[in-house]
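Undergrad: Data: model_28.txt, compact mmCIF, C-alpha atoms.
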# COMPACT_ATOMS: atom_id res chain seq x y z
CA MET A 24 0.00 0.00 0.00
CA SER A 25 1.39 3.36 -0.92
CA ALA A 26 0.69 6.59 0.91
CA PRO A 27 -2.98 7.59 0.73
CA HIS A 28 -2.36 10.73 -1.29
CA ALA A 29 -0.38 8.90 -3.94
CA ALA A 30 -3.56 8.12 -5.88
CA PRO A 31 -5.71 11.20 -6.24
CA GLU A 32 -8.54 9.38 -7.95
CA ALA A 33 -9.79 5.91 -8.70
CA HIS A 34 -10.16 6.46 -12.36
CA GLU A 35 -6.55 5.73 -13.11
CA GLY A 36 -7.28 2.02 -13.36
CA ALA A 37 -5.87 -0.84 -11.35
CA LYS A 38 -2.25 0.26 -11.64
CA GLN A 39 -2.20 2.06 -8.33
CA ALA A 40 -1.70 0.05 -5.19
CA SER A 41 -4.11 2.26 -3.25
CA LEU A 42 -7.34 3.13 -5.01
CA HIS A 43 -9.50 5.98 -3.92
CA ILE A 44 -12.89 7.16 -4.96
CA LEU A 45 -12.73 10.85 -5.76
CA ASN A 46 -14.15 13.07 -3.04
CA PHE A 47 -14.78 16.79 -2.96
CA VAL A 48 -12.13 17.58 -0.36
CA HIS A 49 -9.58 16.03 -2.69
CA LEU A 50 -10.97 18.02 -5.61
CA VAL A 51 -10.75 21.33 -3.77
CA GLY A 52 -7.40 20.35 -2.25
CA GLY A 53 -6.01 19.59 -5.71
CA TYR A 54 -7.10 23.02 -6.86
CA PHE A 55 -5.29 24.70 -3.96
CA GLU A 56 -2.26 22.41 -4.10
CA HIS A 57 0.89 23.57 -2.25
CA THR A 58 -0.93 26.33 -0.43
CA PRO A 59 -1.58 26.28 3.31
CA PHE A 60 -5.29 25.76 2.63
CA GLY A 61 -4.57 22.80 0.35
CA ASP A 62 -2.27 21.25 2.92
CA PHE A 63 -4.94 21.75 5.56
CA LEU A 64 -7.54 19.99 3.38
CA GLU A 65 -5.20 17.13 2.61
CA ARG A 66 -4.28 16.63 6.25
CA PHE A 67 -7.75 16.95 7.73
CA GLU A 68 -9.71 15.23 4.96
CA ASN A 69 -11.12 12.53 7.22
CA VAL A 70 -11.75 14.90 10.06
CA ILE A 71 -13.78 17.09 7.70
CA PHE A 72 -15.96 14.13 6.74
CA GLY A 73 -16.25 13.14 10.38
CA VAL A 74 -17.46 16.65 11.17
CA ILE A 75 -19.96 16.39 8.31
CA VAL A 76 -21.34 13.16 9.82
CA ILE A 77 -21.56 14.75 13.26
CA SER A 78 -23.34 17.77 11.79
CA ILE A 79 -25.86 15.59 9.96
CA LEU A 80 -26.64 13.55 13.06
CA GLY A 81 -26.64 16.54 15.35
CA ALA A 82 -28.94 18.57 13.13
CA LEU A 83 -31.30 15.63 12.60
CA PHE A 84 -31.71 14.88 16.28
CA PHE A 85 -31.73 18.55 17.25
CA PHE A 86 -34.65 19.29 14.96
CA ALA A 87 -36.38 16.05 15.95
CA SER A 88 -36.26 16.84 19.65
CA ARG A 89 -36.59 20.63 19.53
CA ARG A 90 -40.32 20.74 20.14
CA PRO A 91 -41.25 17.32 21.50
CA ALA A 92 -44.95 16.83 20.99
CA LEU A 93 -47.17 14.30 22.66
CA ARG A 94 -48.46 13.34 19.23
CA PRO A 95 -45.13 13.16 17.41
CA GLY A 96 -44.59 14.37 13.90
CA ARG A 97 -42.87 12.26 11.27
CA LEU A 98 -39.31 13.25 12.16
CA GLN A 99 -39.83 12.88 15.88
CA ALA A 100 -41.54 9.51 15.44
CA ALA A 101 -38.69 8.23 13.25
CA CYS A 102 -36.00 9.36 15.69
CA GLU A 103 -37.92 7.97 18.62
CA ALA A 104 -38.17 4.65 16.81
CA ILE A 105 -34.40 4.66 16.23
CA VAL A 106 -33.59 5.49 19.84
CA GLY A 107 -36.19 3.02 21.14
CA GLY A 108 -34.81 0.27 18.92
CA LEU A 109 -31.24 0.88 20.10
CA ASP A 110 -32.41 1.00 23.69
CA SER A 111 -34.26 -2.31 23.44
CA PHE A 112 -31.25 -3.86 21.72
CA VAL A 113 -28.84 -2.79 24.46
CA CYS A 114 -31.26 -3.72 27.25
CA GLY A 115 -31.85 -7.09 25.57
CA ILE A 116 -28.19 -7.95 26.16
CA LEU A 117 -27.34 -6.05 29.35
CA GLY A 118 -30.68 -6.45 31.12
CA PRO A 119 -32.70 -3.60 32.63
CA GLN A 120 -29.64 -1.87 34.10
CA GLY A 121 -28.25 -1.46 30.60
CA LYS A 122 -30.28 1.66 30.00
CA LYS A 123 -27.52 3.95 31.16
CA TYR A 124 -25.15 2.57 28.51
CA THR A 125 -27.57 3.18 25.64
CA PRO A 126 -26.40 6.76 24.91
CA PHE A 127 -22.80 5.71 24.33
CA LEU A 128 -23.54 2.52 22.41
CA GLY A 129 -26.35 4.05 20.38
CA THR A 130 -24.15 6.98 19.41
CA LEU A 131 -21.46 4.54 18.35
CA PHE A 132 -23.89 2.73 16.08
CA LEU A 133 -25.38 5.85 14.53
CA TYR A 134 -21.98 7.48 14.02
CA ILE A 135 -20.38 4.43 12.44
CA TRP A 136 -23.40 3.65 10.30
CA THR A 137 -23.62 7.20 8.99
CA MET A 138 -19.89 7.22 8.29
CA ASN A 139 -20.18 3.97 6.34
CA MET A 140 -23.15 5.24 4.36
CA LEU A 141 -21.46 8.57 3.63
CA GLY A 142 -18.92 6.72 1.49
CA LEU A 143 -21.70 5.73 -0.93
CA VAL A 144 -22.73 9.34 -1.59
CA PRO A 145 -20.96 10.76 -4.65
CA LEU A 146 -18.05 13.08 -3.79
CA MET A 147 -18.09 11.88 -0.19
CA LYS A 148 -15.83 9.46 1.65
CA SER A 149 -16.33 7.31 4.70
CA PRO A 150 -13.78 8.29 7.34
CA THR A 151 -13.79 4.64 8.42
CA THR A 152 -11.71 3.76 5.36
CA ASN A 153 -8.96 6.05 6.53
CA SER A 154 -5.57 4.73 7.48
CA LEU A 155 -2.24 6.32 8.15
CA MET A 156 1.12 4.66 7.64
CA MET A 157 2.80 4.82 11.01
CA THR A 158 6.23 3.60 11.93
CA LEU A 159 6.22 2.01 15.34
CA GLY A 160 9.78 1.04 16.07
CA PRO A 161 10.95 -1.50 13.50
CA ILE A 162 7.59 -1.94 11.77
CA THR A 163 5.55 0.26 9.47
CA ILE A 164 1.86 -0.46 9.64
CA PRO A 165 -1.30 1.21 8.35
CA VAL A 166 -3.14 2.40 11.43
CA PRO A 167 -6.87 2.87 10.83
CA THR A 168 -6.99 6.11 12.75
CA THR A 169 -10.74 6.75 12.80
CA THR A 170 -11.75 3.24 13.83
CA ALA A 171 -8.80 2.97 16.19
CA ALA A 172 -10.01 6.10 17.96
CA LEU A 173 -13.45 4.56 18.42
CA ALA A 174 -11.99 1.24 19.54
CA ILE A 175 -9.69 2.90 22.08
CA LEU A 176 -12.67 4.83 23.37
CA VAL A 177 -14.55 1.56 23.86
CA PHE A 178 -11.50 -0.02 25.51
CA PHE A 179 -11.14 2.69 28.15
CA TYR A 180 -14.89 2.92 28.71
CA VAL A 181 -15.12 -0.84 29.28
CA GLN A 182 -12.21 -0.80 31.76
CA PHE A 183 -13.77 2.18 33.52
CA ILE A 184 -17.09 0.36 33.82
CA GLY A 185 -15.32 -2.73 35.12
CA ILE A 186 -13.57 -0.78 37.87
CA LYS A 187 -16.66 1.27 38.69
CA GLU A 188 -19.13 -1.61 38.87
CA GLN A 189 -16.95 -4.27 40.50
CA GLY A 190 -14.57 -2.11 42.50
CA ILE A 191 -10.81 -2.24 42.06
CA VAL A 192 -10.56 -5.57 43.93
CA GLY A 193 -13.40 -7.13 41.99
CA TYR A 194 -11.84 -5.91 38.75
CA LEU A 195 -8.50 -7.50 39.58
CA ASP A 196 -10.32 -10.63 40.70
CA HIS A 197 -12.11 -10.74 37.36
CA MET A 198 -8.84 -10.25 35.50
CA ALA A 199 -7.27 -13.11 37.49
CA GLY A 200 -10.10 -15.42 36.44
CA THR A 201 -12.02 -15.31 39.79
CA PRO A 202 -9.83 -17.84 41.64
CA ARG A 203 -11.93 -19.61 44.30
CA ASP A 204 -10.08 -22.90 44.87
CA ILE A 205 -6.49 -24.14 44.80
CA PHE A 206 -6.49 -24.70 41.04
CA GLY A 207 -7.67 -21.16 40.50
CA PHE A 208 -4.78 -19.78 42.54
CA VAL A 209 -2.26 -22.00 40.78
CA LEU A 210 -3.52 -20.87 37.39
CA MET A 211 -3.87 -17.24 38.46
CA PRO A 212 -0.70 -15.86 36.77
CA LEU A 213 -1.59 -17.58 33.52
CA MET A 214 -5.20 -16.40 33.61
CA PHE A 215 -4.08 -12.88 34.40
CA VAL A 216 -1.76 -12.77 31.38
CA ILE A 217 -4.45 -14.27 29.15
CA HIS A 218 -7.03 -11.75 30.30
CA VAL A 219 -4.71 -8.79 29.84
CA ILE A 220 -3.75 -9.91 26.33
CA GLY A 221 -7.42 -10.51 25.59
CA GLU A 222 -8.33 -7.02 26.71
CA PHE A 223 -5.71 -5.53 24.40
CA ALA A 224 -6.76 -7.76 21.50
CA LYS A 225 -10.31 -6.44 21.70
CA PRO A 226 -9.67 -2.88 20.46
CA LEU A 227 -7.24 -4.24 17.87
CA SER A 228 -9.83 -6.54 16.35
CA LEU A 229 -12.60 -3.95 16.64
CA ALA A 230 -10.58 -1.34 14.78
CA PHE A 231 -9.23 -3.63 12.09
CA ARG A 232 -12.54 -5.42 11.48
CA LEU A 233 -14.39 -2.20 10.77
CA TYR A 234 -11.55 -0.69 8.79
CA GLY A 235 -10.84 -3.85 6.79
CA ASN A 236 -14.41 -4.43 5.76
CA ILE A 237 -15.24 -0.86 4.77
CA TRP A 238 -11.89 -0.22 3.13
CA GLY A 239 -12.06 -3.47 1.16
CA GLU A 240 -15.54 -2.64 -0.05
CA ASP A 241 -14.39 0.85 -1.04
CA VAL A 242 -11.49 -0.54 -3.04
CA LEU A 243 -13.89 -2.97 -4.73
CA LEU A 244 -16.13 -0.07 -5.72
CA ALA A 245 -13.15 1.93 -6.97
CA VAL A 246 -11.89 -0.98 -9.09
CA PHE A 247 -15.28 -1.50 -10.69
CA MET A 248 -15.74 2.22 -11.27
CA GLY A 249 -12.40 2.20 -13.07
CA LEU A 250 -13.50 -0.79 -15.16
CA GLY A 251 -16.80 0.89 -15.99
CA ILE A 252 -15.00 4.01 -17.15
CA GLY A 253 -12.67 1.88 -19.22
CA MET A 254 -15.67 0.21 -20.87
CA LEU A 255 -17.03 3.54 -22.13
CA ALA A 256 -13.63 5.05 -22.93
CA PHE A 257 -14.32 4.93 -26.69
CA LEU A 258 -17.20 7.40 -26.28
CA PRO A 259 -16.33 11.10 -26.23
CA VAL A 260 -18.33 11.64 -23.04
CA PRO A 261 -16.96 11.69 -19.48
CA ALA A 262 -19.13 8.82 -18.30
CA GLY A 263 -18.73 5.24 -17.21
CA ALA A 264 -20.86 2.12 -17.31
CA PRO A 265 -22.45 1.69 -13.86
CA ILE A 266 -21.19 -1.86 -13.41
CA HIS A 267 -20.33 -1.09 -9.79
CA PHE A 268 -24.02 -0.75 -8.95
CA PRO A 269 -24.56 -4.23 -7.40
CA PHE A 270 -21.62 -3.58 -5.13
CA LEU A 271 -23.27 -0.44 -3.84
CA LEU A 272 -26.07 -2.62 -2.47
CA LEU A 273 -23.46 -4.99 -1.04
CA ALA A 274 -21.71 -2.00 0.51
CA MET A 275 -24.95 -0.89 2.16
CA VAL A 276 -25.36 -4.35 3.69
CA THR A 277 -21.71 -4.54 4.79
CA GLY A 278 -21.75 -1.07 6.27
CA THR A 279 -24.88 -1.77 8.28
CA ILE A 280 -23.65 -5.16 9.48
CA GLN A 281 -20.25 -3.83 10.48
CA ALA A 282 -21.74 -0.89 12.38
CA PHE A 283 -24.06 -3.36 14.10
CA VAL A 284 -21.23 -5.77 14.90
CA PHE A 285 -19.10 -2.98 16.38
CA THR A 286 -21.99 -1.94 18.64
CA LEU A 287 -22.85 -5.53 19.50
CA LEU A 288 -19.29 -6.37 20.49
CA SER A 289 -18.95 -3.22 22.57
CA THR A 290 -22.16 -4.19 24.34
CA VAL A 291 -20.91 -7.71 24.93
CA TYR A 292 -17.61 -6.38 26.31
CA ILE A 293 -19.56 -4.20 28.74
CA ALA A 294 -21.74 -7.18 29.67
CA MET A 295 -18.60 -9.21 30.43
CA MET A 296 -17.38 -6.47 32.77
CA LEU A 297 -20.61 -6.15 34.73
CA PRO A 298 -21.05 -8.21 37.90
CA HIS A 299 -22.80 -11.47 37.11
CA GLU A 300 -25.51 -11.40 39.78
CA HIS A 301 -27.73 -9.13 37.76
CA LYS A 302 -27.70 -11.50 34.84
CA GLU A 303 -28.91 -14.42 36.97
CA GLU A 304 -31.66 -12.24 38.36
CA HIS A 305 -32.72 -11.33 34.87
CA HIS A 306 -32.77 -14.97 33.80
CA THR A 307 -34.89 -16.11 36.70
CA GLU A 308 -37.25 -13.24 36.03
CA VAL A 309 -37.68 -14.45 32.48
CA ALA A 310 -38.14 -18.01 33.67
CA HIS A 311 -40.91 -16.99 36.08
CA SER A 312 -42.87 -14.89 33.63
CA MET B 4 15.12 -17.29 -2.34
CA THR B 5 15.39 -13.93 -0.66
CA TYR B 6 13.21 -13.29 2.34
CA GLN B 7 11.29 -10.69 0.33
CA ALA B 8 10.27 -13.34 -2.17
CA ALA B 9 9.30 -15.70 0.63
CA LEU B 10 7.16 -13.00 2.22
CA ALA B 11 5.55 -12.08 -1.09
CA ILE B 12 4.54 -15.70 -1.63
CA PHE B 13 3.51 -16.66 1.86
CA LEU B 14 1.79 -13.55 3.18
CA PRO B 15 -1.22 -13.87 0.87
CA LEU B 16 -1.09 -17.61 1.38
CA ALA B 17 -1.20 -17.19 5.16
CA LEU B 18 -4.18 -14.89 4.85
CA GLY B 19 -5.85 -17.42 2.59
CA ILE B 20 -5.29 -20.25 5.04
CA ALA B 21 -6.64 -18.15 7.90
CA ALA B 22 -9.65 -17.19 5.82
CA PHE B 23 -10.20 -20.86 5.00
CA GLY B 24 -10.35 -21.77 8.65
CA SER B 25 -12.61 -18.82 9.39
CA ALA B 26 -14.87 -19.82 6.53
CA LEU B 27 -15.27 -23.31 7.97
CA GLY B 28 -16.07 -21.85 11.36
CA LEU B 29 -18.49 -19.31 9.95
CA GLY B 30 -20.21 -21.94 7.87
CA LYS B 31 -20.74 -24.09 10.91
CA ALA B 32 -21.96 -21.14 13.01
CA VAL B 33 -24.36 -19.81 10.39
CA GLY B 34 -25.59 -23.29 9.49
CA SER B 35 -26.40 -24.07 13.10
CA ALA B 36 -28.10 -20.71 13.51
CA MET B 37 -30.24 -21.37 10.44
CA GLU B 38 -31.21 -24.78 11.81
CA ALA B 39 -32.08 -23.25 15.16
CA THR B 40 -34.15 -20.55 13.48
CA ALA B 41 -36.03 -23.12 11.43
CA ARG B 42 -36.76 -25.09 14.58
CA GLN B 43 -37.79 -22.08 16.62
CA PRO B 44 -38.71 -19.14 14.37
CA GLU B 45 -39.95 -17.05 17.31
CA ALA B 46 -36.42 -16.94 18.76
CA SER B 47 -34.89 -15.73 15.50
CA GLY B 48 -33.91 -12.29 16.83
CA LYS B 49 -31.97 -13.68 19.76
CA ILE B 50 -30.32 -16.35 17.63
CA LEU B 51 -29.31 -13.76 15.04
CA VAL B 52 -27.66 -11.54 17.65
CA ASN B 53 -25.79 -14.44 19.23
CA MET B 54 -24.74 -15.71 15.82
CA MET B 55 -23.40 -12.28 14.90
CA ALA B 56 -21.39 -12.05 18.10
CA GLY B 57 -19.90 -15.47 17.42
CA CYS B 58 -19.24 -14.66 13.78
CA ALA B 59 -17.44 -11.47 14.79
CA LEU B 60 -15.21 -13.43 17.16
CA ILE B 61 -14.42 -16.00 14.45
CA GLU B 62 -13.67 -13.23 11.99
CA ALA B 63 -11.30 -11.66 14.48
CA LEU B 64 -8.82 -14.51 13.91
CA THR B 65 -8.57 -13.65 10.22
CA ILE B 66 -8.18 -10.01 11.19
CA TYR B 67 -5.22 -10.85 13.40
CA VAL B 68 -3.59 -12.50 10.40
CA LEU B 69 -4.46 -9.43 8.33
CA VAL B 70 -2.66 -7.28 10.88
CA VAL B 71 0.38 -9.54 10.70
CA VAL B 72 0.28 -9.35 6.91
CA PHE B 73 0.10 -5.57 7.07
CA VAL B 74 3.02 -5.47 9.48
CA LEU B 75 5.20 -7.76 7.38
CA SER B 76 4.19 -6.44 3.96
CA GLY B 77 6.19 -3.31 4.72
CA LYS B 78 9.30 -5.49 4.57
CA ILE B 79 8.73 -6.67 1.00
CA ALA B 80 9.53 -3.40 -0.74
Could you render the structure as structure tokens?
TA:
Amino acid sequence: MSAPHAAPEAHEGAKQASLHILNFVHLVGGYFEHTPFGDFLERFENVIFGVIVISILGALFFFASRRPALRPGRLQAACEAIVGGLDSFVCGILGPQGKKYTPFLGTLFLYIWTMNMLGLVPLMKSPTTNSLMMTLGPITIPVPTTTAALAILVFFYVQFIGIKEQGIVGYLDHMAGTPRDIFGFVLMPLMFVIHVIGEFAKPLSLAFRLYGNIWGEDVLLAVFMGLGIGMLAFLPVPAGAPIHFPFLLLAMVTGTIQAFVFTLLSTVYIAMMLPHEHKEEHHTEVAHS
Amino acid sequence: MTYQAALAIFLPLALGIAAFGSALGLGKAVGSAMEATARQPEASGKILVNMMAGCALIEALTIYVLVVVFVLSGKIA
């Protein structure tokens, strides 16, 4: 993979190692190349799209909740359905006490989903496909900065919940595999190492799963856009055959599933960190009813 | 064979092998979920969520290999 700015547009064909679909920040940035403004656009491309997503979501929910009516209008009803659905999803996994985690997890889902869908709008890009070549000691690795930020956020939030809900002793006990008998204490160092490695593997897999799926789908779209343009190259019009269309539908499915999986896994990680008594309670409740 | 050539051959191969294993696992998970849904259609929502969680964990193994491939592919050039 070359540096992200090595390939300004996808329409060059499959020669480039890193294919990009043209977006408007790149267009404007190419116009202002080698000026401070152009450098700013090039550097903050993904942040700009992230801000666009935040603005869309913020405006939508601001206008939906500005004048809450008892008999909701269309917008309010739609947003209430979204929030209610996310709430029931989170509470379905975490039990009734999961309500206080809905704001964080629901925001994660909406933010990631909107970012994924933004990549399918012409002249837009999903910030989730963003990666930066970083040299960490002897290795150079593409770090998916946007998704890594989200995953690190989840990591620290989960640890915070673990310490807050179980106490520092309970948290360490959980990390040591809750040793209760002699075997538990013998295996404690091993369990501790396994748990710590597992905790650090979680954000890694979260970040790379989201990035890998969305980036791969974006490259697929770019390749087929290039092919479609090549198919109509004999015509004197700047157009391409829309052979990438089926993959747009695939991209919609992938984007939704990956946003859902990210949220689901974050919820499961929180559920693992919560004390287990509540879960039993919930189960017996279900059994009685 | 230089180590660059070895990496160029075996990195994609390693990813393919990991994906093969993941595919077997995913096939088993999804197949069982389908069976369970057919047997108990009213529990389909719960089964779907659990299946997705499992699928994500299976996928994670391929993603670890992808990370390794990314790390080592810098050494080819």
Undergrad: Up to 8 Å from chain A, what residues of chain B turn up? Count only C-alpha atoms and give them as JSON, numbers by chain.
TA: {"B": [52, 55, 56, 59, 62, 63, 66, 67, 70, 73, 74, 75, 77]}
Undergrad: What is the distance, in Å and to one decimal place, between CA of Phe208 in chain A and CA of Leu195 in chain A?
TA: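 Straight-line distance from CA of Phe208 in chain A to CA of Leu195 in chain A works out to 13.2 Å.
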Undergrad: Which residues, written as a list in words, have at least one atom at most 7 Å from range 261-269 of chain A, with only C-alpha atoms counted and residues fewer than 5 positions away on the same chain left out?
TA: Leu244, Phe247, Met248, Gly251, Ile252, Met254 and Leu255 of chain A
Undergrad: Could you turn the residues from that selection into a file that holds C-alpha atoms, as a CSV table (one decimal), keeping the file's coordinate frame?
TA:
chain,number,residue,atom,x,y,z
A,244,LEU,CA,-16.1,-0.1,-5.7
A,247,PHE,CA,-15.3,-1.5,-10.7
A,248,MET,CA,-15.7,2.2,-11.3
A,251,GLY,CA,-16.8,0.9,-16.0
A,252,ILE,CA,-15.0,4.0,-17.2
A,254,MET,CA,-15.7,0.2,-20.9
A,255,LEU,CA,-17.0,3.5,-22.1
Undergrad: Which neighbours of range 32-35 of chain B fall inside 12 Å, counting all atoms listed in the file, when residues of the same chain fewer than 5 positions from it are skipped, and could you give them as a VMD selection string?
TA: chain B and resid 25 to 27 40 to 42 50 to 62
Undergrad: In Å, how far is it from CA of Asn139 in chain A to CA of Ile237 in chain A?
TA: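 Atom-to-atom, CA of Asn139 in chain A and CA of Ile237 in chain A are spaced 7.1 Å apart.
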Undergrad: May I ask for the distance between CA of Val71 in chain B and CA of Leu14 in chain B, given in Å to one decimal place?
TA: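 Rounded to one decimal, the two atoms are 8.6 Å apart.
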Undergrad: List every protein, DNA or RNA residue that has at least one atom no more than 12 Å from (-12.2, 17.3, -4.4) in the file's coordinates, counting only C-alpha atoms, and write the result as an mmCIF file with C-alpha atoms, in the frame of the given file.
TA:
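Just written: result-v2.cif:
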data_model
loop_
_atom_site.group_PDB
_atom_site.id
_atom_site.type_symbol
_atom_site.label_atom_id
_atom_site.label_comp_id
_atom_site.auth_asym_id
_atom_site.auth_seq_id
_atom_site.Cartn_x
_atom_site.Cartn_y
_atom_site.Cartn_z
ATOM 1 C CA PRO A 31 -5.710 11.200 -6.240
ATOM 2 C CA GLU A 32 -8.540 9.380 -7.950
ATOM 3 C CA HIS A 43 -9.500 5.980 -3.920
ATOM 4 C CA ILE A 44 -12.890 7.160 -4.960
ATOM 5 C CA LEU A 45 -12.730 10.850 -5.760
ATOM 6 C CA ASN A 46 -14.150 13.070 -3.040
ATOM 7 C CA PHE A 47 -14.780 16.790 -2.960
ATOM 8 C CA VAL A 48 -12.130 17.580 -0.360
ATOM 9 C CA HIS A 49 -9.580 16.030 -2.690
ATOM 10 C CA LEU A 50 -10.970 18.020 -5.610
ATOM 11 C CA VAL A 51 -10.750 21.330 -3.770
ATOM 12 C CA GLY A 52 -7.400 20.350 -2.250
ATOM 13 C CA GLY A 53 -6.010 19.590 -5.710
ATOM 14 C CA TYR A 54 -7.100 23.020 -6.860
ATOM 15 C CA PHE A 55 -5.290 24.700 -3.960
ATOM 16 C CA GLU A 56 -2.260 22.410 -4.100
ATOM 17 C CA GLY A 61 -4.570 22.800 0.350
ATOM 18 C CA LEU A 64 -7.540 19.990 3.380
ATOM 19 C CA GLU A 65 -5.200 17.130 2.610
ATOM 20 C CA GLU A 68 -9.710 15.230 4.960
ATOM 21 C CA PRO A 145 -20.960 10.760 -4.650
ATOM 22 C CA LEU A 146 -18.050 13.080 -3.790
ATOM 23 C CA MET A 147 -18.090 11.880 -0.190
ATOM 24 C CA LYS A 148 -15.830 9.460 1.650
#
Undergrad: When you look at Thr65 in chain B with a cut-off of 8 Å (counting only C-alpha atoms), what residues show up, excluding the ones that are within fewer than 5 positions of it in the same chain? I need them as a PDB file with C-alpha atoms, keeping the file's coordinate frame.
TA:
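To be explicit, this is the file written out as result18.pdb:
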ATOM      1  CA  LEU B  18      -4.180 -14.890   4.850  1.00  0.00           C
ATOM      2  CA  ALA B  21      -6.640 -18.150   7.900  1.00  0.00           C
ATOM      3  CA  ALA B  22      -9.650 -17.190   5.820  1.00  0.00           C
ATOM      4  CA  SER B  25     -12.610 -18.820   9.390  1.00  0.00           C
TER       5      SER B  25
END
Undergrad: Which of these, B:Met4, B:Pro44, B:Met37, B:Leu10, has the shortest distance to Ala80 in chain B once you count all atoms listed in the file?
TA: B:Leu10
Undergrad: From (-21.0, 2.1, 1.0), in the file's coordinates, out to 10 Å: which residues are reached, counting all atoms listed in the file? Answer as a VMD selection string.
TA: chain A and resid 136 to 144 148 to 149 237 to 238 240 to 241 244 270 to 279
Undergrad: What's around Leu128 in chain A at 8 Å? Count only C-alpha atoms, leave out sequence neighbours fewer than 4 positions away in its own chain, and write the answer as a PyMOL selection string.
TA: chain A and resi 113+124+132+286+289-290
